[in-house]
Amino acid sequence: MVQQEEDRAWSNMFGLKGSHDNKGRHAKSLSIDSAVKFDGAAFDNHSKPQSDRCPKLNRTLEEMTTAFQAKEKQLLADMDQMKEKFAKLLLGEDMSGGGKGVSSALALSNAITNLAASVFGEQSRLEPMTPERKLRWRKEIDWMLSVADHIVELVPSQQKGKDGSNMEIMVTKQRIDLHMNIPALRKLDAMLIDCLDNFKDQNEFYYLSKDASDSEKGKHKRKDDKWWLPTVKVPEDGLSDKSRKNLQSQKESVTQVLKAAMSINAQVLSEMEVPENYIEALPKNGRASLGDLVYRSITVEFFDPDQFLSSLDLSSEHKILDLKNRLEASIVIWKRKMTQKDGKSGWGSGISFEKRELFEERAETILHIIKHRFPGLPQSSLDISKIQYNRDVGQALLESYSRILESLAFTVLSRIEDVLQADNITQNPNPQPCKRNSLKDDSQPNSVSTSPRYDVETANAKTLSDLLTWAMDQNDYDDRVDSDDGSIDVEPSMQKLNVVTNTSKKSYLESLAGVRSPTERH
């Protein structure tokens, strides 16, 4: 009995085990079949073309490939263009390779000048630059300015040795005048382009074509010598207050850019050596350079610069430029005589040192007034000679870049004044004639900065913000130039504001001695 129960229990156990085994085998068989079916489906999916599975992804990849190829093609073209430009610089513009080219400094200066002329041109309208022109300007001016990254000077630095001791070593650093002034000029560059971009959506004034009839131009017809520029037309009731305020704001901003660019350019030119070729062509004394009338007016006991200028005929650009050339020549002559030690030399002194210094200071004062009263003058003979014979590549970079920005700022300022003049004629049919583009104009705001005039300690910093907030109070300026010796009584904060250069500091009048005005090259 007991044996039968044990056998039955064993049979049930084996039966149960067998059913479990069958279920396991069945499950295993199902999993294998499913796997085979899944692998077959996967194989079928992989065998299908990619475009059938994901057409959007395929189109995206094709677009990315096309864009990459176009970018690669553009980079290769830019590289070829850059090779060509720098090859011309290395050859000194002498494509024969005979070594008869100009210096590297002059070649780089000419390249930057030609680039600005081709990109900006006449800039006859207040309108934004096209994206193509803007891209070309940014790209190619960066190529030119990249040379400044490799102009260095040795400066002392501290280094810690392996034994923990400190030692002083000399390391290379970008030259200080380039390190400070290149970023400032880039900022001025961006401000000018932003100013043009601000006229993108304006619709209150427009320009007539050059071939428009006199009846279309009406009372807005240009009466100056720039007859080829298009005529500005404004609404019959004039510009709106918002548009007029915007134009005045842009005028103030561009005026500050012009002043800052003139300041940098003046300082760089004053640091350049006077070429021997220029000196050899000078007369032997200041009287021969200035002429008897001008010389007597400058050497009188009581000197008034405004009265002196009012007594001269400055009715044309040629006459103003001639006076500027003669003044600069006399200043060079007097400076050489004051530093000449050899009494037997032809440059020897026949007048006392004190009087010659006084005459030189008066001539510099007149020169300063002329350059700020007539900022559109071409380059003087001294400026051209310095640029032509300069061998310092860093100075060539700063001079050419600041010069083209000065010229562009002057042009943009002229275009703004064209619109304001047209609006003034509309508001007042018989307006009083007014001077244009004069930094001495009382109606012109002095600064776009909202911060108060900085003090002496702040001016010592020589930062970009200090440079851009530089402005001379022209109302006070007239009072300061009325002293008997013709010198300018400059407030301390103005004396501290000098552009960073590679040499020792100069006085305010010395820094302004080389101020030049933008050349009408375009």
# chains A, B, ... in the order shown; residues from 1 in each chain; ligands from 1
$ closest_atom_pairs --of "range 209-289 of chain A" --to "range 375-378 of chain A" --cutoff "10 Å" --atoms "only C-alpha atoms" --output "tab-separated table"
residue	atom	partner	partner_atom	distance
A:Leu258	CA	A:Pro375	CA	9.2
A:Lys259	CA	A:Pro375	CA	9.7
A:Met262	CA	A:Pro375	CA	9.1
$ select_by_dssp --residues "range 165-393 of chain A" --states "helix (DSSP H, G or I)" --output "NGL selection string"
:A and (176-197 or 214-220 or 241-271 or 276-280 or 286-290 or 292-298 or 305-310 or 317-339 or 353-373 or 381-389 or 393)
$ residues_around --residues "Leu90 in chain A" --least-positions-apart "4" --cutoff "12 Å" --atoms "only C-alpha atoms" --output "ChimeraX atom specification"
/A:83-86,94-95,97-108,111
$ write_last_selection --atoms "C-alpha atoms" --output "CSV table (one decimal), in the first residue's frame"
chain,number,residue,atom,x,y,z
A,83,LYS,CA,48.2,84.6,-51.4
A,84,GLU,CA,48.0,87.1,-54.3
A,85,LYS,CA,47.6,90.1,-52.0
A,86,PHE,CA,50.5,89.2,-49.7
A,94,ASP,CA,57.0,95.3,-58.4
A,95,MET,CA,55.5,92.3,-60.2
A,97,GLY,CA,60.5,90.7,-59.0
A,98,GLY,CA,63.5,92.9,-59.8
A,99,GLY,CA,63.6,94.4,-56.4
A,100,LYS,CA,62.6,97.9,-57.6
A,101,GLY,CA,59.3,97.9,-55.6
A,102,VAL,CA,58.3,100.2,-52.8
A,103,SER,CA,58.9,99.5,-49.1
A,104,SER,CA,56.7,97.0,-47.2
A,105,ALA,CA,55.3,99.9,-45.2
A,106,LEU,CA,54.2,101.9,-48.3
A,107,ALA,CA,52.9,98.8,-50.1
A,108,LEU,CA,50.7,97.9,-47.1
A,111,ALA,CA,46.8,98.2,-50.2
$ atom_distance --atom1 "CA of Ile141 in chain A" --atom2 "CA of Asn246 in chain A"
29.3 Å
$ closest_residue --among "A:Gly286, A:Pro131, A:Pro235, A:Pro230" --to "Phe359 in chain A" --atoms "only C-alpha atoms"
A:Gly286
$ closest_residue --among "A:Arg336, A:Lys319, A:His150, A:Arg373" --to "Gln174 in chain A" --atoms "only C-alpha atoms"
A:His150
$ atom_distance --atom1 "CA of Ser315 in chain A" --atom2 "CA of Leu367 in chain A"
16.7 Å
$ closest_residue --among "A:Asp197, A:Glu252, A:Asp80, A:Glu354" --to "Ile416 in chain A" --atoms "only C-alpha atoms"
A:Glu252
$ residues_around --residues "Phe353 in chain A" --least-positions-apart "6" --cutoff "12 Å" --atoms "only C-alpha atoms" --output "PyMOL selection string"
chain A and resi 334-341+359-360
$ residues_around --residues "range 291-294 of chain A" --least-positions-apart "2" --cutoff "10 Å" --atoms "only C-alpha atoms" --output "list in words"
Gly286, Arg287, Ala288, Ser289, Arg296, Ser297, Ile298, Thr299, Phe308, Leu309, Ser311, Leu312, Leu323, Arg326 and Leu327 of chain A
$ write_last_selection --atoms "N, CA and C atoms" --output "tab-separated table (two decimals), in the first residue's frame"
chain	number	residue	atom	x	y	z
A	286	GLY	N	62.40	130.77	-42.44
A	286	GLY	CA	60.95	130.79	-42.39
A	286	GLY	C	60.33	131.90	-43.19
A	287	ARG	N	61.03	133.03	-43.32
A	287	ARG	CA	60.49	134.15	-44.09
A	287	ARG	C	60.31	133.77	-45.56
A	288	ALA	N	61.30	133.06	-46.10
A	288	ALA	CA	61.21	132.65	-47.50
A	288	ALA	C	60.10	131.63	-47.71
A	289	SER	N	59.83	130.84	-46.70
A	289	SER	CA	58.77	129.84	-46.82
A	289	SER	C	57.38	130.47	-46.72
A	296	ARG	N	55.43	138.71	-41.54
A	296	ARG	CA	55.25	139.91	-40.70
A	296	ARG	C	54.04	139.78	-39.80
A	297	SER	N	52.98	139.15	-40.31
A	297	SER	CA	51.76	139.01	-39.50
A	297	SER	C	51.99	138.08	-38.31
A	298	ILE	N	52.84	137.07	-38.49
A	298	ILE	CA	53.10	136.12	-37.40
A	298	ILE	C	54.09	136.67	-36.40
A	299	THR	N	55.03	137.51	-36.83
A	299	THR	CA	56.10	137.99	-35.95
A	299	THR	C	55.80	139.33	-35.29
A	308	PHE	N	44.44	137.23	-37.92
A	308	PHE	CA	45.40	136.86	-38.95
A	308	PHE	C	44.70	136.09	-40.08
A	309	LEU	N	43.86	135.10	-39.73
A	309	LEU	CA	43.18	134.30	-40.75
A	309	LEU	C	42.16	135.14	-41.51
A	311	SER	N	42.43	138.13	-42.34
A	311	SER	CA	43.11	139.04	-43.26
A	311	SER	C	43.62	138.35	-44.52
A	312	LEU	N	43.54	137.01	-44.55
A	312	LEU	CA	44.04	136.26	-45.69
A	312	LEU	C	42.89	135.84	-46.60
A	323	LEU	N	48.59	127.65	-47.88
A	323	LEU	CA	48.96	128.24	-46.58
A	323	LEU	C	49.37	127.14	-45.60
A	326	ARG	N	52.91	125.97	-46.42
A	326	ARG	CA	53.92	126.94	-46.04
A	326	ARG	C	54.12	126.99	-44.53
A	327	LEU	N	53.03	126.86	-43.78
A	327	LEU	CA	53.15	126.85	-42.32
A	327	LEU	C	53.91	125.63	-41.83
$ decode --residues "range 68-97 of chain A" --atoms "N, CA and C atoms" --output "CSV table (one decimal), in the first residue's frame"
chain,number,residue,atom,x,y,z
A,68,PHE,N,28.8,72.3,-47.5
A,68,PHE,CA,30.2,72.1,-47.1
A,68,PHE,C,31.1,72.3,-48.3
A,69,GLN,N,30.6,71.7,-49.5
A,69,GLN,CA,31.4,71.9,-50.7
A,69,GLN,C,31.5,73.3,-51.1
A,70,ALA,N,30.4,74.1,-51.0
A,70,ALA,CA,30.4,75.5,-51.3
A,70,ALA,C,31.4,76.3,-50.4
A,71,LYS,N,31.3,76.0,-49.1
A,71,LYS,CA,32.2,76.7,-48.2
A,71,LYS,C,33.6,76.3,-48.4
A,72,GLU,N,33.9,75.1,-48.7
A,72,GLU,CA,35.3,74.7,-49.0
A,72,GLU,C,35.8,75.4,-50.3
A,73,LYS,N,34.9,75.5,-51.3
A,73,LYS,CA,35.3,76.2,-52.5
A,73,LYS,C,35.6,77.7,-52.2
A,74,GLN,N,34.8,78.3,-51.4
A,74,GLN,CA,35.0,79.7,-51.0
A,74,GLN,C,36.2,79.9,-50.2
A,75,LEU,N,36.6,79.0,-49.3
A,75,LEU,CA,37.8,79.1,-48.5
A,75,LEU,C,39.0,79.0,-49.5
A,76,LEU,N,38.9,78.1,-50.4
A,76,LEU,CA,40.1,77.9,-51.4
A,76,LEU,C,40.2,79.2,-52.2
A,77,ALA,N,39.1,79.8,-52.6
A,77,ALA,CA,39.2,81.1,-53.4
A,77,ALA,C,39.7,82.2,-52.5
A,78,ASP,N,39.3,82.3,-51.2
A,78,ASP,CA,39.8,83.3,-50.3
A,78,ASP,C,41.3,83.1,-50.1
A,79,MET,N,41.8,81.8,-50.0
A,79,MET,CA,43.2,81.5,-49.8
A,79,MET,C,44.0,82.0,-51.0
A,80,ASP,N,43.5,81.7,-52.2
A,80,ASP,CA,44.2,82.2,-53.4
A,80,ASP,C,44.3,83.7,-53.5
A,81,GLN,N,43.2,84.3,-53.1
A,81,GLN,CA,43.1,85.8,-53.1
A,81,GLN,C,44.1,86.4,-52.1
A,82,MET,N,44.2,85.7,-50.9
A,82,MET,CA,45.1,86.2,-49.9
A,82,MET,C,46.5,86.0,-50.3
A,83,LYS,N,46.8,84.9,-50.9
A,83,LYS,CA,48.2,84.6,-51.4
A,83,LYS,C,48.6,85.7,-52.4
A,84,GLU,N,47.7,86.1,-53.3
A,84,GLU,CA,48.0,87.1,-54.3
A,84,GLU,C,48.2,88.4,-53.7
A,85,LYS,N,47.4,88.8,-52.7
A,85,LYS,CA,47.6,90.1,-52.0
A,85,LYS,C,48.9,90.2,-51.3
A,86,PHE,N,49.2,89.1,-50.5
A,86,PHE,CA,50.5,89.2,-49.7
A,86,PHE,C,51.7,89.0,-50.6
A,87,ALA,N,51.5,88.3,-51.8
A,87,ALA,CA,52.7,88.3,-52.7
A,87,ALA,C,53.0,89.7,-53.3
A,88,LYS,N,51.9,90.5,-53.6
A,88,LYS,CA,52.2,91.8,-54.0
A,88,LYS,C,52.8,92.7,-52.9
A,89,LEU,N,52.4,92.4,-51.7
A,89,LEU,CA,53.1,93.2,-50.6
A,89,LEU,C,54.5,92.8,-50.4
A,90,LEU,N,54.9,91.5,-50.6
A,90,LEU,CA,56.3,91.1,-50.4
A,90,LEU,C,57.1,91.6,-51.6
A,91,LEU,N,56.5,91.7,-52.8
A,91,LEU,CA,57.2,92.2,-54.0
A,91,LEU,C,57.3,93.7,-54.0
A,92,GLY,N,56.6,94.3,-53.1
A,92,GLY,CA,56.6,95.8,-53.1
A,92,GLY,C,55.9,96.4,-54.3
A,93,GLU,N,54.9,95.7,-54.8
A,93,GLU,CA,54.1,96.1,-56.0
A,93,GLU,C,55.0,96.1,-57.2
A,94,ASP,N,56.1,95.4,-57.2
A,94,ASP,CA,57.0,95.3,-58.4
A,94,ASP,C,56.8,93.8,-58.9
A,95,MET,N,55.9,93.6,-59.8
A,95,MET,CA,55.5,92.3,-60.2
A,95,MET,C,56.6,91.6,-61.0
A,96,SER,N,57.6,92.4,-61.4
A,96,SER,CA,58.7,91.8,-62.2
A,96,SER,C,59.7,91.0,-61.3
A,97,GLY,N,59.6,91.3,-60.0
A,97,GLY,CA,60.5,90.7,-59.0
A,97,GLY,C,61.9,91.2,-59.1
